[in-house]
Structures are given as C-alpha cells and as structure tokens.
Amino acid sequence: MNKKTKYLVQSGVIAAIYVVLAQVFGFIGFGPIQFRIAEALTVLPFFTPAAIPGVFIGCLLANILYGGVLLDVVFGSLTTLLAAYLSFKLKKNKWMVTVPPILLNAAIIPFVLKYGYGVPEGIPFMMGTIFLGQFIVVGIIGMVLLHALLPIKDKIFE
C-alpha cells in the first residue's frame, strides 16, 4: 500500500472509531460535565500524523450527528484539530501528548457550552469540569491506550 493510501485509510479508521465511541458513550460525552470517551484517541498523533485529520473529522462528524449547534461543530472540532496537531508536535515525550487536548478543551469548550447551548453554569465551573473530564479520558484512559498500543505500533501504524 502506498503512503498516501495508508494515510487516508488510517485517518478514516480513526475518524470512524471516534464517531462510534462518541455515539455509544454520548450519554456521558456532551454537556457541562462530560467524559467523551472518544477523546482518548487524541493520543494517537503520538503514533501517526494521520491521527490529526482522523480525530478532527471524527469529532466534526460526531458533533454534527449528535445534533451539535454550529458553534460546537466549528469550534469544538477545531479545538480537537489544534490539540491533535500540538500533540503530534510534542510526541517526543509521550506524557506531553495528553496536555494539549486537556488544556485546550478546558479553555475553549466552556465558552461553546455557554454561548452555543446557553448552559447556565459559570465559565470557571465548566473549565474545571471539562478539565477533569479530559484529564480522566485523555490523561488516564488515553495513556492506557497509548501504552497498550506501544508493543504493536509497528503492526498498526508502520
């Protein structure tokens, strides 16, 4: 398989997995207190740059399919894109890969919730809850995923 085809396939598979996880766990993945299990995939840029468009497209589709408002579809998805790109840039230290998705979501998503959905909770409260959710999903579950994939990375992401 040539490099371009492999890149597209990997991106597409990652996007599809993101959408499925977001839909299956949607009941805990949206709102002011959220644990979007699909965000664990934001550690995948550690293995391949194809994860950058993969998690972005997955997030974009999940937000659309879950009935997200335009502000969420645009800024929520762009937050994931930026986080994935920065994670890729920080891949020399596997522990740093989790930092951009945790911090960017905690900083941006509360504004999306407040102004896109009219969530009554305060921005600082939602920053804390989004940070906590991202820390659990990306910082813990994502790192478990990263470590589980390390021994087989050459077979999956060659």
# chains A, B, ... in the order shown; residues from 1 in each chain; ligands from 1
$ select_by_dssp --residues "region 23-98 of chain A" --states "helix (DSSP H, G or I)" --output "VMD selection string"
chain A and resid 23 to 24 26 to 29 37 to 46 51 to 65 70 to 89 96 to 98
$ closest_atom_pairs --of "region 25-96 of chain A" --to "region 17-20 of chain A" --cutoff "6 Å" --atoms "only C-alpha atoms" --output "tab-separated table"
residue	atom	partner	partner_atom	distance
A:Ala38	CA	A:Tyr18	CA	5.0
A:Gly58	CA	A:Tyr18	CA	5.0
A:Ala62	CA	A:Val19	CA	5.0
$ residues_around --residues "Thr79 (chain A)" --least-positions-apart "2" --cutoff "10 Å" --atoms "only C-alpha atoms" --output "short mmCIF file (atom, residue, chain, number, x, y, z; two decimals) with C-alpha atoms, in the first residue's frame"
data_model
loop_
_atom_site.label_atom_id
_atom_site.label_comp_id
_atom_site.auth_asym_id
_atom_site.auth_seq_id
_atom_site.Cartn_x
_atom_site.Cartn_y
_atom_site.Cartn_z
CA PHE A 56 -10.69 16.11 13.68
CA CYS A 59 -15.07 14.97 16.17
CA ASP A 72 -19.88 23.50 18.69
CA VAL A 74 -16.98 24.57 14.27
CA PHE A 75 -15.09 25.46 17.46
CA GLY A 76 -15.36 22.10 19.20
CA SER A 77 -13.96 20.38 16.14
CA LEU A 81 -7.77 19.63 15.39
CA LEU A 82 -5.42 22.06 17.15
CA ALA A 83 -4.99 19.71 20.11
CA ALA A 84 -4.13 16.79 17.80
CA TYR A 85 -1.62 18.90 15.87
CA PRO A 100 -2.96 19.95 24.52
CA PRO A 101 -6.31 18.10 24.44
CA LEU A 104 -7.41 23.39 25.06
CA ASN A 105 -10.74 21.70 25.74
CA ALA A 107 -10.11 26.59 27.95
CA ILE A 108 -12.40 26.65 24.89
CA ILE A 109 -15.33 24.25 25.32
#
$ residues_around --residues "Thr48 (chain A)" --least-positions-apart "6" --cutoff "9 Å" --atoms "only C-alpha atoms" --output "PyMOL selection string"
chain A and resi 7+10+88+157-158
$ closest_residue --among "A:Leu65, A:Val55, A:Val13, A:Val99" --to "Ile140 (chain A)" --atoms "only C-alpha atoms"
A:Val99
$ closest_residue --among "A:Ile28, A:Ala22, A:Leu132, A:Leu90" --to "Ile64 (chain A)" --atoms "only C-alpha atoms"
A:Ala22
$ closest_atom_pairs --of "region 38-97 of chain A" --to "region 141-153 of chain A" --cutoff "7 Å" --atoms "only C-alpha atoms" --output "Markdown table"
| residue | atom | partner | partner_atom | distance |
| --- | --- | --- | --- | --- |
| A:Ala40 | CA | A:Gly142 | CA | 4.1 |
| A:Leu41 | CA | A:Gly142 | CA | 6.5 |
| A:Val43 | CA | A:Gly142 | CA | 5.9 |
$ residues_around --residues "Met126 (chain A)" --least-positions-apart "6" --cutoff "12 Å" --atoms "only C-alpha atoms" --output "PyMOL selection string"
chain A and resi 31-34+105-114+119-120+132-134
$ write_last_selection --atoms "all heavy atoms" --output "short mmCIF file (atom, residue, chain, number, x, y, z; two decimals), in the first residue's frame"
data_model
loop_
_atom_site.label_atom_id
_atom_site.label_comp_id
_atom_site.auth_asym_id
_atom_site.auth_seq_id
_atom_site.Cartn_x
_atom_site.Cartn_y
_atom_site.Cartn_z
N GLY A 31 -22.23 18.04 27.22
CA GLY A 31 -22.77 18.82 28.33
C GLY A 31 -21.68 19.43 29.19
O GLY A 31 -20.49 19.29 28.91
N PRO A 32 -22.08 20.15 30.26
CA PRO A 32 -21.10 20.85 31.09
C PRO A 32 -20.20 19.92 31.90
O PRO A 32 -19.09 20.28 32.26
CB PRO A 32 -21.95 21.71 32.02
CG PRO A 32 -23.31 21.11 31.98
CD PRO A 32 -23.45 20.42 30.66
N ILE A 33 -20.68 18.72 32.17
CA ILE A 33 -19.85 17.69 32.80
C ILE A 33 -19.81 16.56 31.80
O ILE A 33 -20.82 15.90 31.55
CB ILE A 33 -20.43 17.24 34.16
CG1 ILE A 33 -20.52 18.43 35.10
CG2 ILE A 33 -19.60 16.11 34.74
CD1 ILE A 33 -21.22 18.16 36.40
N GLN A 34 -18.64 16.35 31.18
CA GLN A 34 -18.58 15.39 30.10
C GLN A 34 -17.34 14.52 30.17
O GLN A 34 -16.27 14.98 30.56
CB GLN A 34 -18.68 16.06 28.74
CG GLN A 34 -17.65 17.11 28.46
CD GLN A 34 -17.85 17.79 27.11
OE1 GLN A 34 -17.09 17.52 26.20
NE2 GLN A 34 -18.85 18.63 26.98
N ASN A 105 -9.32 21.95 25.51
CA ASN A 105 -10.74 21.70 25.74
C ASN A 105 -11.24 22.42 26.98
O ASN A 105 -12.32 22.99 26.98
CB ASN A 105 -11.03 20.20 25.81
CG ASN A 105 -11.17 19.59 24.44
OD1 ASN A 105 -12.18 19.77 23.78
ND2 ASN A 105 -10.14 18.89 24.00
N ALA A 106 -10.43 22.40 28.05
CA ALA A 106 -10.83 23.08 29.28
C ALA A 106 -10.93 24.59 29.07
O ALA A 106 -11.78 25.25 29.67
CB ALA A 106 -9.83 22.77 30.40
N ALA A 107 -10.11 25.15 28.19
CA ALA A 107 -10.11 26.59 27.95
C ALA A 107 -11.18 27.04 26.97
O ALA A 107 -11.73 28.14 27.10
CB ALA A 107 -8.74 27.03 27.44
N ILE A 108 -11.52 26.21 25.98
CA ILE A 108 -12.40 26.65 24.89
C ILE A 108 -13.84 26.13 25.01
O ILE A 108 -14.80 26.89 24.80
CB ILE A 108 -11.79 26.24 23.53
CG1 ILE A 108 -10.46 26.98 23.33
CG2 ILE A 108 -12.75 26.51 22.37
CD1 ILE A 108 -9.62 26.46 22.17
N ILE A 109 -14.00 24.87 25.34
CA ILE A 109 -15.33 24.25 25.32
C ILE A 109 -16.32 24.91 26.28
O ILE A 109 -17.51 25.02 25.95
CB ILE A 109 -15.23 22.73 25.53
CG1 ILE A 109 -14.40 22.10 24.40
CG2 ILE A 109 -16.61 22.07 25.61
CD1 ILE A 109 -14.86 22.41 22.98
N PRO A 110 -15.92 25.40 27.45
CA PRO A 110 -16.90 26.10 28.30
C PRO A 110 -17.57 27.28 27.59
O PRO A 110 -18.77 27.53 27.79
CB PRO A 110 -16.07 26.55 29.50
CG PRO A 110 -15.00 25.52 29.59
CD PRO A 110 -14.64 25.21 28.16
N PHE A 111 -16.83 27.99 26.75
CA PHE A 111 -17.42 29.11 26.01
C PHE A 111 -18.41 28.61 24.96
O PHE A 111 -19.45 29.23 24.72
CB PHE A 111 -16.32 29.96 25.37
CG PHE A 111 -15.49 30.70 26.38
CD1 PHE A 111 -14.29 30.17 26.84
CD2 PHE A 111 -15.93 31.91 26.92
CE1 PHE A 111 -13.54 30.83 27.79
CE2 PHE A 111 -15.18 32.59 27.87
CZ PHE A 111 -13.98 32.05 28.31
N VAL A 112 -18.09 27.48 24.35
CA VAL A 112 -19.01 26.87 23.39
C VAL A 112 -20.29 26.46 24.10
O VAL A 112 -21.40 26.70 23.59
CB VAL A 112 -18.34 25.65 22.70
CG1 VAL A 112 -19.34 24.85 21.88
CG2 VAL A 112 -17.17 26.09 21.84
N LEU A 113 -20.16 25.86 25.27
CA LEU A 113 -21.34 25.42 26.02
C LEU A 113 -22.18 26.61 26.46
O LEU A 113 -23.41 26.59 26.37
CB LEU A 113 -20.92 24.59 27.23
CG LEU A 113 -20.25 23.25 26.92
CD1 LEU A 113 -19.68 22.62 28.19
CD2 LEU A 113 -21.22 22.31 26.24
N LYS A 114 -21.52 27.66 26.92
CA LYS A 114 -22.22 28.85 27.43
C LYS A 114 -22.94 29.59 26.31
O LYS A 114 -24.12 29.90 26.41
CB LYS A 114 -21.21 29.76 28.13
CG LYS A 114 -21.80 31.03 28.71
CD LYS A 114 -22.72 30.71 29.85
CE LYS A 114 -22.34 31.44 31.09
NZ LYS A 114 -23.22 31.04 32.19
N VAL A 119 -25.80 27.02 28.39
CA VAL A 119 -25.64 26.31 29.66
C VAL A 119 -25.48 27.35 30.76
O VAL A 119 -24.66 28.26 30.65
CB VAL A 119 -24.42 25.35 29.59
CG1 VAL A 119 -24.15 24.74 30.96
CG2 VAL A 119 -24.65 24.28 28.55
N PRO A 120 -26.28 27.24 31.84
CA PRO A 120 -26.28 28.29 32.86
C PRO A 120 -25.06 28.30 33.79
O PRO A 120 -24.79 29.32 34.42
CB PRO A 120 -27.55 28.00 33.66
CG PRO A 120 -27.80 26.54 33.47
CD PRO A 120 -27.29 26.22 32.09
N LEU A 132 -11.43 18.20 34.28
CA LEU A 132 -11.50 16.92 34.98
C LEU A 132 -11.88 15.78 34.03
O LEU A 132 -11.25 14.72 34.03
CB LEU A 132 -12.49 16.99 36.15
CG LEU A 132 -12.65 15.71 36.96
CD1 LEU A 132 -11.34 15.31 37.62
CD2 LEU A 132 -13.74 15.90 38.00
N GLY A 133 -12.91 16.03 33.21
CA GLY A 133 -13.33 15.01 32.25
C GLY A 133 -12.23 14.66 31.27
O GLY A 133 -11.97 13.48 30.99
N GLN A 134 -11.57 15.67 30.74
CA GLN A 134 -10.47 15.45 29.79
C GLN A 134 -9.28 14.77 30.48
O GLN A 134 -8.63 13.91 29.88
CB GLN A 134 -10.02 16.76 29.16
CG GLN A 134 -10.97 17.32 28.12
CD GLN A 134 -11.02 16.48 26.86
OE1 GLN A 134 -11.99 15.79 26.59
NE2 GLN A 134 -9.97 16.51 26.08
#
$ atom_distance --atom1 "CA of Gly122 (chain A)" --atom2 "CA of Glu39 (chain A)"
23.2 Å
$ residues_around --residues "Thr98 (chain A)" --least-positions-apart "4" --cutoff "7 Å" --atoms "only C-alpha atoms" --output "PyMOL selection string"
chain A and resi 43+87+102+138-139
$ decode --residues "region 65-80 of chain A" --atoms "all heavy atoms" --output "PDB file, in the first residue's frame"
ATOM      1  N   LEU A  65     -23.596  14.686  13.980  1.00  0.00           N
ATOM      2  CA  LEU A  65     -24.546  13.585  14.167  1.00  0.00           C
ATOM      3  C   LEU A  65     -25.255  13.647  15.510  1.00  0.00           C
ATOM      4  O   LEU A  65     -26.378  13.178  15.640  1.00  0.00           O
ATOM      5  CB  LEU A  65     -23.828  12.241  14.017  1.00  0.00           C
ATOM      6  CG  LEU A  65     -23.323  11.923  12.614  1.00  0.00           C
ATOM      7  CD1 LEU A  65     -22.429  10.687  12.628  1.00  0.00           C
ATOM      8  CD2 LEU A  65     -24.483  11.749  11.653  1.00  0.00           C
ATOM      9  N   TYR A  66     -24.605  14.210  16.500  1.00  0.00           N
ATOM     10  CA  TYR A  66     -25.217  14.316  17.818  1.00  0.00           C
ATOM     11  C   TYR A  66     -26.094  15.569  17.927  1.00  0.00           C
ATOM     12  O   TYR A  66     -26.640  15.864  18.967  1.00  0.00           O
ATOM     13  CB  TYR A  66     -24.162  14.290  18.922  1.00  0.00           C
ATOM     14  CG  TYR A  66     -24.633  13.551  20.143  1.00  0.00           C
ATOM     15  CD1 TYR A  66     -24.562  12.165  20.223  1.00  0.00           C
ATOM     16  CD2 TYR A  66     -25.180  14.227  21.227  1.00  0.00           C
ATOM     17  CE1 TYR A  66     -24.997  11.486  21.331  1.00  0.00           C
ATOM     18  CE2 TYR A  66     -25.628  13.553  22.347  1.00  0.00           C
ATOM     19  CZ  TYR A  66     -25.534  12.183  22.398  1.00  0.00           C
ATOM     20  OH  TYR A  66     -25.982  11.501  23.506  1.00  0.00           O
ATOM     21  N   GLY A  67     -26.212  16.312  16.831  1.00  0.00           N
ATOM     22  CA  GLY A  67     -27.084  17.489  16.821  1.00  0.00           C
ATOM     23  C   GLY A  67     -26.454  18.722  17.428  1.00  0.00           C
ATOM     24  O   GLY A  67     -27.162  19.585  17.961  1.00  0.00           O
ATOM     25  N   GLY A  68     -25.158  18.835  17.329  1.00  0.00           N
ATOM     26  CA  GLY A  68     -24.466  19.989  17.893  1.00  0.00           C
ATOM     27  C   GLY A  68     -24.828  21.275  17.169  1.00  0.00           C
ATOM     28  O   GLY A  68     -25.116  21.267  15.976  1.00  0.00           O
ATOM     29  N   VAL A  69     -24.821  22.374  17.913  1.00  0.00           N
ATOM     30  CA  VAL A  69     -25.053  23.686  17.314  1.00  0.00           C
ATOM     31  C   VAL A  69     -23.820  24.070  16.495  1.00  0.00           C
ATOM     32  O   VAL A  69     -22.731  23.518  16.687  1.00  0.00           O
ATOM     33  CB  VAL A  69     -25.357  24.762  18.388  1.00  0.00           C
ATOM     34  CG1 VAL A  69     -26.633  24.429  19.143  1.00  0.00           C
ATOM     35  CG2 VAL A  69     -24.190  24.951  19.335  1.00  0.00           C
ATOM     36  N   LEU A  70     -23.995  25.017  15.586  1.00  0.00           N
ATOM     37  CA  LEU A  70     -22.916  25.411  14.683  1.00  0.00           C
ATOM     38  C   LEU A  70     -21.647  25.816  15.437  1.00  0.00           C
ATOM     39  O   LEU A  70     -20.538  25.455  15.044  1.00  0.00           O
ATOM     40  CB  LEU A  70     -23.378  26.549  13.763  1.00  0.00           C
ATOM     41  CG  LEU A  70     -22.372  27.000  12.705  1.00  0.00           C
ATOM     42  CD1 LEU A  70     -22.020  25.837  11.770  1.00  0.00           C
ATOM     43  CD2 LEU A  70     -22.925  28.171  11.907  1.00  0.00           C
ATOM     44  N   LEU A  71     -21.806  26.540  16.526  1.00  0.00           N
ATOM     45  CA  LEU A  71     -20.648  26.966  17.318  1.00  0.00           C
ATOM     46  C   LEU A  71     -19.846  25.760  17.808  1.00  0.00           C
ATOM     47  O   LEU A  71     -18.615  25.767  17.791  1.00  0.00           O
ATOM     48  CB  LEU A  71     -21.124  27.813  18.512  1.00  0.00           C
ATOM     49  CG  LEU A  71     -20.084  28.619  19.258  1.00  0.00           C
ATOM     50  CD1 LEU A  71     -19.483  29.703  18.373  1.00  0.00           C
ATOM     51  CD2 LEU A  71     -20.691  29.246  20.500  1.00  0.00           C
ATOM     52  N   ASP A  72     -20.533  24.714  18.219  1.00  0.00           N
ATOM     53  CA  ASP A  72     -19.880  23.498  18.692  1.00  0.00           C
ATOM     54  C   ASP A  72     -19.255  22.726  17.540  1.00  0.00           C
ATOM     55  O   ASP A  72     -18.121  22.255  17.645  1.00  0.00           O
ATOM     56  CB  ASP A  72     -20.881  22.611  19.424  1.00  0.00           C
ATOM     57  CG  ASP A  72     -20.225  21.498  20.223  1.00  0.00           C
ATOM     58  OD1 ASP A  72     -18.985  21.496  20.358  1.00  0.00           O
ATOM     59  OD2 ASP A  72     -20.956  20.631  20.717  1.00  0.00           O
ATOM     60  N   VAL A  73     -19.993  22.604  16.457  1.00  0.00           N
ATOM     61  CA  VAL A  73     -19.475  21.886  15.290  1.00  0.00           C
ATOM     62  C   VAL A  73     -18.174  22.529  14.821  1.00  0.00           C
ATOM     63  O   VAL A  73     -17.189  21.836  14.564  1.00  0.00           O
ATOM     64  CB  VAL A  73     -20.518  21.835  14.154  1.00  0.00           C
ATOM     65  CG1 VAL A  73     -19.915  21.301  12.871  1.00  0.00           C
ATOM     66  CG2 VAL A  73     -21.724  20.994  14.571  1.00  0.00           C
ATOM     67  N   VAL A  74     -18.163  23.861  14.765  1.00  0.00           N
ATOM     68  CA  VAL A  74     -16.975  24.569  14.274  1.00  0.00           C
ATOM     69  C   VAL A  74     -15.869  24.612  15.332  1.00  0.00           C
ATOM     70  O   VAL A  74     -14.774  24.085  15.128  1.00  0.00           O
ATOM     71  CB  VAL A  74     -17.326  26.001  13.802  1.00  0.00           C
ATOM     72  CG1 VAL A  74     -16.073  26.789  13.466  1.00  0.00           C
ATOM     73  CG2 VAL A  74     -18.266  25.945  12.613  1.00  0.00           C
ATOM     74  N   PHE A  75     -16.152  25.222  16.483  1.00  0.00           N
ATOM     75  CA  PHE A  75     -15.087  25.464  17.460  1.00  0.00           C
ATOM     76  C   PHE A  75     -14.723  24.226  18.268  1.00  0.00           C
ATOM     77  O   PHE A  75     -13.562  24.051  18.634  1.00  0.00           O
ATOM     78  CB  PHE A  75     -15.437  26.643  18.359  1.00  0.00           C
ATOM     79  CG  PHE A  75     -15.371  27.941  17.629  1.00  0.00           C
ATOM     80  CD1 PHE A  75     -16.530  28.562  17.182  1.00  0.00           C
ATOM     81  CD2 PHE A  75     -14.155  28.536  17.332  1.00  0.00           C
ATOM     82  CE1 PHE A  75     -16.472  29.750  16.468  1.00  0.00           C
ATOM     83  CE2 PHE A  75     -14.085  29.716  16.627  1.00  0.00           C
ATOM     84  CZ  PHE A  75     -15.250  30.330  16.200  1.00  0.00           C
ATOM     85  N   GLY A  76     -15.683  23.355  18.533  1.00  0.00           N
ATOM     86  CA  GLY A  76     -15.356  22.101  19.204  1.00  0.00           C
ATOM     87  C   GLY A  76     -14.438  21.251  18.342  1.00  0.00           C
ATOM     88  O   GLY A  76     -13.446  20.696  18.812  1.00  0.00           O
ATOM     89  N   SER A  77     -14.761  21.178  17.057  1.00  0.00           N
ATOM     90  CA  SER A  77     -13.960  20.381  16.136  1.00  0.00           C
ATOM     91  C   SER A  77     -12.587  21.003  15.902  1.00  0.00           C
ATOM     92  O   SER A  77     -11.567  20.297  15.861  1.00  0.00           O
ATOM     93  CB  SER A  77     -14.697  20.216  14.803  1.00  0.00           C
ATOM     94  OG  SER A  77     -15.961  19.614  15.026  1.00  0.00           O
ATOM     95  N   LEU A  78     -12.542  22.323  15.759  1.00  0.00           N
ATOM     96  CA  LEU A  78     -11.253  22.996  15.578  1.00  0.00           C
ATOM     97  C   LEU A  78     -10.365  22.867  16.814  1.00  0.00           C
ATOM     98  O   LEU A  78      -9.137  22.790  16.696  1.00  0.00           O
ATOM     99  CB  LEU A  78     -11.449  24.464  15.205  1.00  0.00           C
ATOM    100  CG  LEU A  78     -11.956  24.726  13.789  1.00  0.00           C
ATOM    101  CD1 LEU A  78     -12.231  26.218  13.585  1.00  0.00           C
ATOM    102  CD2 LEU A  78     -10.975  24.211  12.744  1.00  0.00           C
ATOM    103  N   THR A  79     -10.977  22.819  17.981  1.00  0.00           N
ATOM    104  CA  THR A  79     -10.212  22.605  19.216  1.00  0.00           C
ATOM    105  C   THR A  79      -9.534  21.244  19.168  1.00  0.00           C
ATOM    106  O   THR A  79      -8.351  21.112  19.497  1.00  0.00           O
ATOM    107  CB  THR A  79     -11.133  22.709  20.448  1.00  0.00           C
ATOM    108  OG1 THR A  79     -11.715  24.019  20.478  1.00  0.00           O
ATOM    109  CG2 THR A  79     -10.371  22.456  21.739  1.00  0.00           C
ATOM    110  N   THR A  80     -10.272  20.240  18.713  1.00  0.00           N
ATOM    111  CA  THR A  80      -9.696  18.896  18.594  1.00  0.00           C
ATOM    112  C   THR A  80      -8.597  18.866  17.546  1.00  0.00           C
ATOM    113  O   THR A  80      -7.556  18.223  17.745  1.00  0.00           O
ATOM    114  CB  THR A  80     -10.807  17.871  18.281  1.00  0.00           C
ATOM    115  OG1 THR A  80     -11.728  17.859  19.374  1.00  0.00           O
ATOM    116  CG2 THR A  80     -10.238  16.476  18.075  1.00  0.00           C
TER     117      THR A  80
END
